[in-house]
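*Asks:* The following file, entry39.txt, comprises compact mmCIF, C-alpha atoms:
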```txt
# COMPACT_ATOMS: atom_id res chain seq x y z
CA MET A 1 -7.79 -3.30 10.21
CA ILE A 2 -10.58 -2.15 12.48
CA ASN A 3 -9.83 -4.97 14.92
CA ARG A 4 -6.03 -4.57 14.84
CA CYS A 5 -5.64 -0.81 14.41
CA GLY A 6 -9.01 0.68 15.35
CA LEU A 7 -9.28 2.25 11.90
CA ALA A 8 -11.95 1.61 9.28
CA PHE A 9 -10.83 1.25 5.68
CA MET A 10 -12.82 1.02 2.47
CA VAL A 11 -11.79 -1.98 0.41
CA VAL A 12 -11.55 -0.83 -3.19
CA ASP A 13 -12.09 -3.68 -5.59
CA ARG A 14 -14.00 -4.11 -8.83
CA ALA A 15 -17.28 -4.69 -6.99
CA TYR A 16 -16.87 -1.45 -5.03
CA GLY A 17 -15.99 0.43 -8.22
CA ALA A 18 -19.15 -0.89 -9.89
CA LYS A 19 -21.24 0.06 -6.84
CA VAL A 20 -19.91 3.64 -6.87
CA CYS A 21 -20.66 3.92 -10.61
CA GLN A 22 -24.16 2.55 -10.11
CA GLU A 23 -24.99 4.83 -7.19
CA CYS A 24 -23.16 8.00 -8.22
CA GLY A 25 -22.88 7.80 -12.00
CA PHE A 26 -20.41 6.37 -14.46
CA GLY A 27 -17.81 9.12 -14.02
CA ALA A 28 -17.80 8.92 -10.21
CA ASN A 29 -14.40 8.65 -8.57
CA PRO A 30 -14.25 5.84 -5.96
CA TRP A 31 -11.22 7.52 -4.36
CA SER A 32 -13.28 10.55 -3.33
CA THR A 33 -15.73 8.50 -1.24
CA HIS A 34 -13.60 7.88 1.87
CA SER A 35 -10.28 8.83 3.42
CA ARG A 36 -8.74 5.39 4.06
CA PHE A 37 -8.46 2.65 1.46
CA LEU A 38 -7.19 -0.89 1.09
CA VAL A 39 -6.44 -1.72 -2.52
CA SER A 40 -4.48 -4.40 -4.26
CA HIS A 41 -1.52 -3.66 -6.43
CA ALA A 42 -3.18 -5.71 -9.18
CA LEU A 43 -6.19 -3.38 -9.28
CA LEU A 44 -3.99 -0.29 -9.53
CA ARG A 45 -2.45 -1.66 -12.72
CA HIS A 46 -5.75 -0.87 -14.47
CA SER A 47 -6.04 2.69 -15.74
CA GLU A 48 -9.68 3.09 -14.72
CA TYR A 49 -8.55 2.87 -11.07
CA ALA A 50 -4.99 4.22 -11.29
CA ALA A 51 -5.79 7.50 -13.08
CA PRO A 52 -8.50 8.66 -10.63
CA ALA A 53 -6.34 7.54 -7.70
CA SER A 54 -3.32 9.51 -8.85
CA ASN A 55 -5.46 12.62 -9.42
CA THR A 56 -7.40 12.44 -6.16
CA LEU A 57 -4.62 11.23 -3.87
CA ARG A 58 -1.95 13.40 -5.54
CA CYS A 59 0.40 10.47 -6.04
CA ALA A 60 2.20 8.77 -8.87
CA ILE A 61 1.12 5.27 -9.76
CA VAL A 62 3.21 3.43 -12.31
CA SER A 63 1.40 0.65 -14.10
CA GLY A 64 2.85 -2.80 -14.51
CA LEU A 65 4.45 -5.25 -12.15
CA THR A 66 7.25 -2.84 -11.30
CA TRP A 67 4.95 -0.42 -9.46
CA SER A 68 6.67 0.98 -6.44
CA PRO A 69 5.25 2.74 -3.40
CA ARG A 70 8.41 4.87 -3.27
CA ASP A 71 6.93 7.91 -5.07
CA PRO A 72 3.62 8.23 -3.20
CA ALA A 73 4.96 7.07 0.19
CA PRO A 74 6.10 10.53 1.38
CA LEU A 75 2.60 11.89 0.75
CA PHE A 76 1.10 9.68 3.45
CA GLU A 77 1.71 9.86 7.17
CA HIS A 78 1.04 6.15 7.71
CA ARG A 79 1.92 3.23 5.47
CA VAL A 80 1.01 -0.42 5.76
CA PHE A 81 2.37 -3.05 3.38
CA LEU A 82 0.60 -6.38 3.38
CA SER A 83 2.16 -9.17 1.40
CA ALA A 84 2.44 -12.91 1.28
CA THR A 85 5.92 -12.45 -0.22
CA LEU A 86 7.48 -9.26 1.07
CA HIS A 87 10.54 -9.20 -1.18
CA ASN A 88 12.70 -11.30 -3.48
CA GLY A 89 15.07 -12.55 -0.78
CA HIS A 90 17.89 -10.11 -1.45
CA GLY A 91 18.99 -8.03 1.54
CA ASN A 92 19.13 -4.83 -0.50
CA SER A 93 15.52 -5.29 -1.66
CA PHE A 94 14.36 -5.81 1.89
CA THR A 95 16.24 -2.76 3.14
CA ALA A 96 14.74 -0.69 0.29
CA LEU A 97 11.27 -1.55 1.63
CA LEU A 98 12.37 -0.76 5.19
CA GLU A 99 13.53 2.67 3.99
CA LEU A 100 9.93 3.45 3.06
CA LEU A 101 8.77 2.65 6.57
CA GLY A 102 11.62 4.29 8.46
CA PRO A 103 13.91 6.37 6.25
CA SER A 104 15.86 7.70 9.21
CA ARG A 105 16.51 4.19 10.56
CA PHE A 106 17.15 2.09 7.46
CA VAL A 107 19.38 2.74 4.44
CA ARG A 108 20.01 0.40 1.54
CA GLY A 109 23.40 -1.26 1.74
CA VAL A 110 23.83 -0.50 5.44
CA PRO A 111 23.50 -3.47 7.81
CA PHE A 112 20.88 -3.11 10.53
CA ASP A 113 20.18 -4.78 13.83
CA PRO A 114 17.30 -7.28 13.38
CA ASN A 115 15.91 -6.03 16.72
CA ASP A 116 15.18 -2.70 14.98
CA LEU A 117 12.42 -4.49 13.06
CA ASP A 118 10.36 -5.15 16.17
CA SER A 119 8.77 -1.70 16.13
CA ILE A 120 7.73 -1.75 12.44
CA LEU A 121 7.27 -5.35 11.34
CA VAL A 122 4.57 -7.85 12.22
CA ARG A 123 5.17 -11.26 10.78
CA HIS A 124 2.72 -14.13 10.92
CA LEU A 125 3.74 -17.56 9.73
CA LYS A 126 1.42 -20.40 8.77
CA ASP A 127 2.19 -21.99 12.13
CA ASP A 128 0.79 -18.88 13.87
CA ARG A 129 -2.76 -19.59 12.68
```
Kindly return the structure encoded in the file as structure tokens.
*Replies:*
Amino acid sequence: MINRCGLAFMVVDRAYGAKVCQECGFGANPWSTHSRFLVSHALLRHSEYAAPASNTLRCAIVSGLTWSPRDPAPLFEHRVFLSATLHNGHGNSFTALLELLGPSRFVRGVPFDPNDLDSILVRHLKDDR
């Protein structure tokens, strides 16, 4: 992210959580250590990370595989979704994700011009490596 966007992010994973606990005490909140984070959806399914995140970041995190960024998205000025599989292949699912990135430009069930994606979507294929 620093190379592409010029912004430094703290990667929150189990190792970072353990480091914060070791350095700051068992009850330390890893979400209060920085202002920008990269975290996996899988980690947020665990209550020891989700509960402090929802309290500190003032957002709702729903556990389980059906977690959605829809609730906390409006709380953040900038959003970046990184995924190997962006959606399930259904047009409505894809448009629902686009709504989170540009709610004034994309609406579920309404066709859009694929050229409108150029300003919000970066796609790298295996061949691009």
*Asks:* Go ahead and compute the interatomic distance for atom CA of His90 of chain A and atom CA of Asp113 of chain A, in Å to one decimal.
*Replies:*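 Taking atom CA of His90 of chain A and atom CA of Asp113 of chain A, their separation equals 16.3 Å.
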*Asks:* Find the spatial neighbours of Gly17 of chain A, counting all atoms listed in the file, within a cut-off of 9 Å - ignore same-chain residues fewer than 4 positions away - and output them as an mmCIF file with C-alpha atoms, in the frame of the given file.
*Replies:*
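Result file is selection.cif:
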```cif
data_model
loop_
_atom_site.group_PDB
_atom_site.id
_atom_site.type_symbol
_atom_site.label_atom_id
_atom_site.label_comp_id
_atom_site.auth_asym_id
_atom_site.auth_seq_id
_atom_site.Cartn_x
_atom_site.Cartn_y
_atom_site.Cartn_z
ATOM 1 C CA VAL A 12 -11.550 -0.830 -3.190
ATOM 2 C CA ASP A 13 -12.090 -3.680 -5.590
ATOM 3 C CA CYS A 21 -20.660 3.920 -10.610
ATOM 4 C CA GLN A 22 -24.160 2.550 -10.110
ATOM 5 C CA ALA A 28 -17.800 8.920 -10.210
ATOM 6 C CA ASN A 29 -14.400 8.650 -8.570
ATOM 7 C CA PRO A 30 -14.250 5.840 -5.960
ATOM 8 C CA TYR A 49 -8.550 2.870 -11.070
#
```
*Asks:* Between A:Glu77, A:Trp31, A:Ala18, A:Arg105, which one has atoms that come closest to Ala50 of chain A, using all atoms listed in the file?
*Replies:*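 For Ala50 of chain A, the nearest of the candidates is A:Trp31.
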*Asks:* How many Å separate atom CA of Leu38 of chain A from atom CA of Ala8 of chain A?
*Replies:* 9.8 Å
*Asks:* Could you tell me how far atom CA of Ser104 of chain A lies from atom CA of His124 of chain A, in Å and to one decimal?
*Replies:*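 Separation of atom CA of Ser104 of chain A and atom CA of His124 of chain A: 25.5 Å.
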